[in-house]
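Q: This is the structure, below, for whatever I ask next.
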Amino acid sequence: MIGTVPIAATLFDGHTAQRNPVVVSITPDGAGLMIAEPENGGTPWVWPLDRLRALTDQADQRSLTVTLHSDTEDETPRDPARLVIEDAELAGWLRLNAPFLRKRDVRRGTAGKIITRLTFAVASIGVIIFLILPRMSDYLADRMPLETEVRFGKTVVAQMERFLGGADGGLVCRDPAGEAALSRLASRLMDGQELQYAISISVLNHEMVNAFAAPGGQIVFLRGLLDEADTPEEVAAVLAHEIGHVEARDPTRLMLRAAGSAGIVSIVLGDVSGGAVIGIIGDQLLQASYTREAEALADEFALEMLKHVGISAAAFADFFDKLSAMEAGINLPEYLSSHPSSAARATRARDFAAGQGVTRSVLTDTEWQALRNICKA
């Protein structure tokens, strides 16, 4: 019967590498493991069963190595001694009768320390992302060489095209008459303007109602926006708004913030490849998550640009009315949104248009139809 005959085992005291032969048996009350050194003839000592803990990281799974739960300064409160039991019958009995053999102990107060450190880490990441990164990105954006910015912008636009389901250049709309109409609209809008960028405009064949500016003066319209617009003046107003972002270098600032955020994510959660970083940047550009201040400034830039070339700002208001209708089911408070509300922007544009005076059409009807059909070639 288990426990009536002492069984040979090996004890490591945890301070030296010496193997100490011992014999073990179950105490008469069945509540402990009695350990004795037969060669020394000393008094046996007892390890209570409820304080036994098994070590599961042992190479030989046929034996059982146990230690004793003990209050120590270590994160795992265990006695340094280890008892190796190779007798299969005794090991099986202990697995069945030691109530906390598989328990994982941590020193009292450890959970609080972990929570404190985790809170500090999260707060530190928040400070980096929301305070330090914006200031760094503003600083670097103002000093990035224009050639570097243009190259990166083209890379981001190509990545965006792949995100939208096309190969490089596969979604770009190239109808000659449509391209000519787009060029005329852009020329009319930028006539007499002193811009720091050579603006490059393209249309991608995708149903999303959107337009975005990428670094280096790259502006992209998605076909869905042309389908939704009722007049070329609405398209001109959106283009003027995106030019406002370009001139303020907002896409470059956003690019740097997104790249920095992705780098932090890669440190915290694991590797993020270069392609994934560009993907994150592209997604940010598609969402146009600039600050509300940047959006408001781009609106003001667009209104002044429209006024300068005699294009009615009422078209800008009309387009915001459409966006407001689309947002009707999204009850996001304005202070939580990166954009001012479309309804408020429409009101501002309509008030501005009231004082414009005489305006004229930006395209003929024929040119407007060609622009709307730019993706049908």
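Residue numbering restarts at 1 in every chain; chains get A, B, ... in the order shown in the structure tokens, and ligands count up from 1 in that same order.
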If we count only C-alpha atoms, what is near A:Pro145 at a cut-off of 12 Å, once residues fewer than 6 positions away on the same chain are taken out, given as a ChimeraX atom specification?
A: /A:151-152,215-216,252
Q: Excluding A:His245 and its own-chain neighbours fewer than 5 positions away, which residues fall within 12 Å of it when counting only C-alpha atoms? Please give them as a PyMOL selection string.
A: chain A and resi 195+197+199+211-219+238-240+250-254+285+288-291+293-302
Q: Atoms to include: N, CA and C atoms. Write the selected residues as a tab-separated table (two decimals), in the first residue's frame.
A:
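See part.tsv below for the written result:
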chain	number	residue	atom	x	y	z
A	195	LEU	N	0.83	78.09	-56.03
A	195	LEU	CA	0.86	76.87	-55.24
A	195	LEU	C	2.28	76.35	-55.14
A	197	TYR	N	3.01	73.19	-54.77
A	197	TYR	CA	3.08	71.84	-55.33
A	197	TYR	C	2.58	71.85	-56.78
A	199	ILE	N	0.23	69.99	-58.72
A	199	ILE	CA	-0.87	69.10	-58.37
A	199	ILE	C	-1.07	68.04	-59.44
A	211	ALA	N	-12.74	61.36	-51.92
A	211	ALA	CA	-11.55	61.92	-52.57
A	211	ALA	C	-10.53	62.11	-51.46
A	212	PHE	N	-9.25	62.01	-51.79
A	212	PHE	CA	-8.24	62.21	-50.76
A	212	PHE	C	-6.97	62.77	-51.38
A	213	ALA	N	-6.20	63.40	-50.55
A	213	ALA	CA	-4.90	63.93	-50.96
A	213	ALA	C	-3.81	63.09	-50.33
A	214	ALA	N	-2.84	62.67	-51.12
A	214	ALA	CA	-1.69	61.93	-50.63
A	214	ALA	C	-0.49	62.88	-50.61
A	215	PRO	N	0.59	62.50	-49.95
A	215	PRO	CA	1.76	63.38	-49.88
A	215	PRO	C	2.28	63.77	-51.26
A	216	GLY	N	2.86	64.96	-51.35
A	216	GLY	CA	3.51	65.38	-52.57
A	216	GLY	C	2.59	65.92	-53.65
A	217	GLY	N	1.36	66.32	-53.29
A	217	GLY	CA	0.47	66.92	-54.28
A	217	GLY	C	-0.35	65.94	-55.07
A	218	GLN	N	-0.41	64.68	-54.64
A	218	GLN	CA	-1.23	63.68	-55.32
A	218	GLN	C	-2.67	63.77	-54.79
A	219	ILE	N	-3.62	64.01	-55.69
A	219	ILE	CA	-5.03	64.07	-55.32
A	219	ILE	C	-5.79	63.02	-56.12
A	238	VAL	N	-14.70	70.27	-54.09
A	238	VAL	CA	-13.97	69.20	-53.40
A	238	VAL	C	-12.50	69.24	-53.75
A	239	LEU	N	-12.20	69.47	-55.03
A	239	LEU	CA	-10.80	69.56	-55.44
A	239	LEU	C	-10.10	70.72	-54.72
A	240	ALA	N	-10.79	71.86	-54.61
A	240	ALA	CA	-10.20	72.99	-53.90
A	240	ALA	C	-9.92	72.64	-52.44
A	250	ASP	N	-0.95	68.60	-44.96
A	250	ASP	CA	-1.68	67.71	-44.05
A	250	ASP	C	-1.45	66.24	-44.36
A	251	PRO	N	-1.46	65.80	-45.64
A	251	PRO	CA	-1.23	64.36	-45.91
A	251	PRO	C	0.13	63.90	-45.40
A	252	THR	N	1.15	64.77	-45.53
A	252	THR	CA	2.48	64.39	-45.06
A	252	THR	C	2.52	64.27	-43.54
A	253	ARG	N	1.86	65.19	-42.87
A	253	ARG	CA	1.79	65.11	-41.41
A	253	ARG	C	1.09	63.82	-40.99
A	254	LEU	N	-0.02	63.53	-41.66
A	254	LEU	CA	-0.77	62.31	-41.34
A	254	LEU	C	0.06	61.08	-41.63
A	285	LEU	N	-5.40	57.83	-44.99
A	285	LEU	CA	-5.70	58.83	-46.01
A	285	LEU	C	-7.10	58.64	-46.57
A	288	ALA	N	-9.46	60.03	-44.42
A	288	ALA	CA	-9.27	61.48	-44.31
A	288	ALA	C	-9.36	61.95	-42.87
A	289	SER	N	-8.67	61.23	-41.99
A	289	SER	CA	-8.80	61.54	-40.56
A	289	SER	C	-7.86	62.67	-40.15
A	290	TYR	N	-7.99	63.80	-40.78
A	290	TYR	CA	-7.26	64.96	-40.33
A	290	TYR	C	-7.97	65.53	-39.10
A	291	THR	N	-7.36	66.47	-38.45
A	291	THR	CA	-8.00	67.09	-37.31
A	291	THR	C	-9.12	68.00	-37.78
A	293	GLU	N	-9.49	70.99	-36.99
A	293	GLU	CA	-8.89	72.27	-37.33
A	293	GLU	C	-8.37	72.25	-38.76
A	294	ALA	N	-7.68	71.15	-39.14
A	294	ALA	CA	-7.16	71.04	-40.50
A	294	ALA	C	-8.30	71.03	-41.51
A	295	GLU	N	-9.40	70.35	-41.20
A	295	GLU	CA	-10.54	70.32	-42.11
A	295	GLU	C	-11.14	71.71	-42.27
A	296	ALA	N	-11.28	72.42	-41.17
A	296	ALA	CA	-11.86	73.76	-41.23
A	296	ALA	C	-10.97	74.70	-42.05
A	297	LEU	N	-9.66	74.59	-41.88
A	297	LEU	CA	-8.74	75.43	-42.64
A	297	LEU	C	-8.77	75.09	-44.12
A	298	ALA	N	-8.90	73.80	-44.44
A	298	ALA	CA	-9.00	73.40	-45.84
A	298	ALA	C	-10.29	73.92	-46.46
A	299	ASP	N	-11.37	73.92	-45.67
A	299	ASP	CA	-12.63	74.50	-46.16
A	299	ASP	C	-12.46	75.97	-46.49
A	300	GLU	N	-11.81	76.71	-45.58
A	300	GLU	CA	-11.61	78.15	-45.81
A	300	GLU	C	-10.73	78.39	-47.03
A	301	PHE	N	-9.71	77.55	-47.18
A	301	PHE	CA	-8.85	77.66	-48.36
A	301	PHE	C	-9.67	77.45	-49.63
A	302	ALA	N	-10.55	76.42	-49.61
A	302	ALA	CA	-11.36	76.12	-50.78
A	302	ALA	C	-12.31	77.27	-51.10
Q: Suppose you want the space between atom CA of A:Ala98 and atom CA of A:Leu49; what is it in Å?
A: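 Atom CA of A:Leu49 lies at a distance of 4.9 Å from atom CA of A:Ala98.
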Q: Find the distance between atom CA of A:Arg19 and atom CA of A:Asp50 and write it in Å to one decimal.
A: 25.0 Å
Q: Determine, counting only C-alpha atoms, which protein, DNA and RNA residues have an atom within 10 Å of an atom of stretch 175-179 of chain A; residues of the same chain fewer than 4 positions away are not included. Present the result as a ChimeraX atom specification.
A: /A:183-185,201-203,366-377
Q: Could you save the residues just selected, with N, CA and C atoms, as a PDB file, in the first residue's frame?
A:
ATOM      1  N   SER A 183      -8.727  68.074 -66.616  1.00  0.00           N
ATOM      2  CA  SER A 183      -7.613  69.016 -66.716  1.00  0.00           C
ATOM      3  C   SER A 183      -8.122  70.449 -66.850  1.00  0.00           C
ATOM      4  N   ARG A 184      -9.198  70.641 -67.625  1.00  0.00           N
ATOM      5  CA  ARG A 184      -9.756  71.984 -67.782  1.00  0.00           C
ATOM      6  C   ARG A 184     -10.316  72.480 -66.449  1.00  0.00           C
ATOM      7  N   LEU A 185     -11.010  71.601 -65.715  1.00  0.00           N
ATOM      8  CA  LEU A 185     -11.568  71.997 -64.419  1.00  0.00           C
ATOM      9  C   LEU A 185     -10.447  72.400 -63.468  1.00  0.00           C
ATOM     10  N   ILE A 201      -3.713  64.981 -60.468  1.00  0.00           N
ATOM     11  CA  ILE A 201      -5.072  64.525 -60.151  1.00  0.00           C
ATOM     12  C   ILE A 201      -5.383  63.272 -60.959  1.00  0.00           C
ATOM     13  N   SER A 202      -5.954  62.269 -60.311  1.00  0.00           N
ATOM     14  CA  SER A 202      -6.373  61.048 -60.996  1.00  0.00           C
ATOM     15  C   SER A 202      -7.723  60.602 -60.456  1.00  0.00           C
ATOM     16  N   VAL A 203      -8.397  59.757 -61.243  1.00  0.00           N
ATOM     17  CA  VAL A 203      -9.687  59.193 -60.838  1.00  0.00           C
ATOM     18  C   VAL A 203      -9.551  57.682 -60.839  1.00  0.00           C
ATOM     19  N   THR A 366     -21.225  69.462 -72.105  1.00  0.00           N
ATOM     20  CA  THR A 366     -20.525  68.375 -72.795  1.00  0.00           C
ATOM     21  C   THR A 366     -19.293  67.940 -72.006  1.00  0.00           C
ATOM     22  N   GLU A 367     -18.533  68.903 -71.512  1.00  0.00           N
ATOM     23  CA  GLU A 367     -17.338  68.570 -70.730  1.00  0.00           C
ATOM     24  C   GLU A 367     -17.723  67.880 -69.420  1.00  0.00           C
ATOM     25  N   TRP A 368     -18.804  68.324 -68.809  1.00  0.00           N
ATOM     26  CA  TRP A 368     -19.248  67.715 -67.558  1.00  0.00           C
ATOM     27  C   TRP A 368     -19.630  66.256 -67.763  1.00  0.00           C
ATOM     28  N   GLN A 369     -20.339  65.970 -68.845  1.00  0.00           N
ATOM     29  CA  GLN A 369     -20.706  64.584 -69.137  1.00  0.00           C
ATOM     30  C   GLN A 369     -19.463  63.743 -69.422  1.00  0.00           C
ATOM     31  N   ALA A 370     -18.485  64.330 -70.086  1.00  0.00           N
ATOM     32  CA  ALA A 370     -17.240  63.609 -70.351  1.00  0.00           C
ATOM     33  C   ALA A 370     -16.513  63.283 -69.052  1.00  0.00           C
ATOM     34  N   LEU A 371     -16.511  64.233 -68.129  1.00  0.00           N
ATOM     35  CA  LEU A 371     -15.862  63.981 -66.839  1.00  0.00           C
ATOM     36  C   LEU A 371     -16.586  62.875 -66.080  1.00  0.00           C
ATOM     37  N   ARG A 372     -17.886  62.883 -66.079  1.00  0.00           N
ATOM     38  CA  ARG A 372     -18.637  61.850 -65.358  1.00  0.00           C
ATOM     39  C   ARG A 372     -18.447  60.477 -65.999  1.00  0.00           C
ATOM     40  N   ASN A 373     -18.110  60.454 -67.288  1.00  0.00           N
ATOM     41  CA  ASN A 373     -17.914  59.189 -67.994  1.00  0.00           C
ATOM     42  C   ASN A 373     -16.443  58.815 -68.129  1.00  0.00           C
ATOM     43  N   ILE A 374     -15.592  59.445 -67.340  1.00  0.00           N
ATOM     44  CA  ILE A 374     -14.147  59.231 -67.481  1.00  0.00           C
ATOM     45  C   ILE A 374     -13.730  57.773 -67.253  1.00  0.00           C
ATOM     46  N   CYS A 375     -14.536  57.026 -66.490  1.00  0.00           N
ATOM     47  CA  CYS A 375     -14.191  55.627 -66.185  1.00  0.00           C
ATOM     48  C   CYS A 375     -14.874  54.646 -67.125  1.00  0.00           C
ATOM     49  N   LYS A 376     -15.563  55.120 -68.157  1.00  0.00           N
ATOM     50  CA  LYS A 376     -16.337  54.228 -69.024  1.00  0.00           C
ATOM     51  C   LYS A 376     -15.629  53.899 -70.325  1.00  0.00           C
ATOM     52  N   ALA A 377     -14.393  54.321 -70.458  1.00  0.00           N
ATOM     53  CA  ALA A 377     -13.657  54.040 -71.693  1.00  0.00           C
ATOM     54  C   ALA A 377     -13.236  52.576 -71.724  1.00  0.00           C
TER      55      ALA A 377
END
Q: If we count only C-alpha atoms and set the cut-off at 12 Å, which residues sit around A:Asn40, ignoring sequence neighbours fewer than 4 positions away in its own chain? Please answer as a VMD selection string.
A: chain A and resid 20 to 23 36 44
Q: Take the selection from the previous step and output its residues with C-alpha atoms, as a short mmCIF file (atom, residue, chain, number, x, y, z; two decimals), in the first residue's frame.
A:
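Saved the output as selection-v1.cif:
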data_model
loop_
_atom_site.label_atom_id
_atom_site.label_comp_id
_atom_site.auth_asym_id
_atom_site.auth_seq_id
_atom_site.Cartn_x
_atom_site.Cartn_y
_atom_site.Cartn_z
CA ASN A 20 20.75 14.08 -1.98
CA PRO A 21 19.27 10.57 -1.76
CA VAL A 22 16.18 10.52 0.48
CA VAL A 23 13.27 8.25 1.24
CA ALA A 36 14.12 11.46 5.56
CA PRO A 44 12.29 13.30 9.07
#
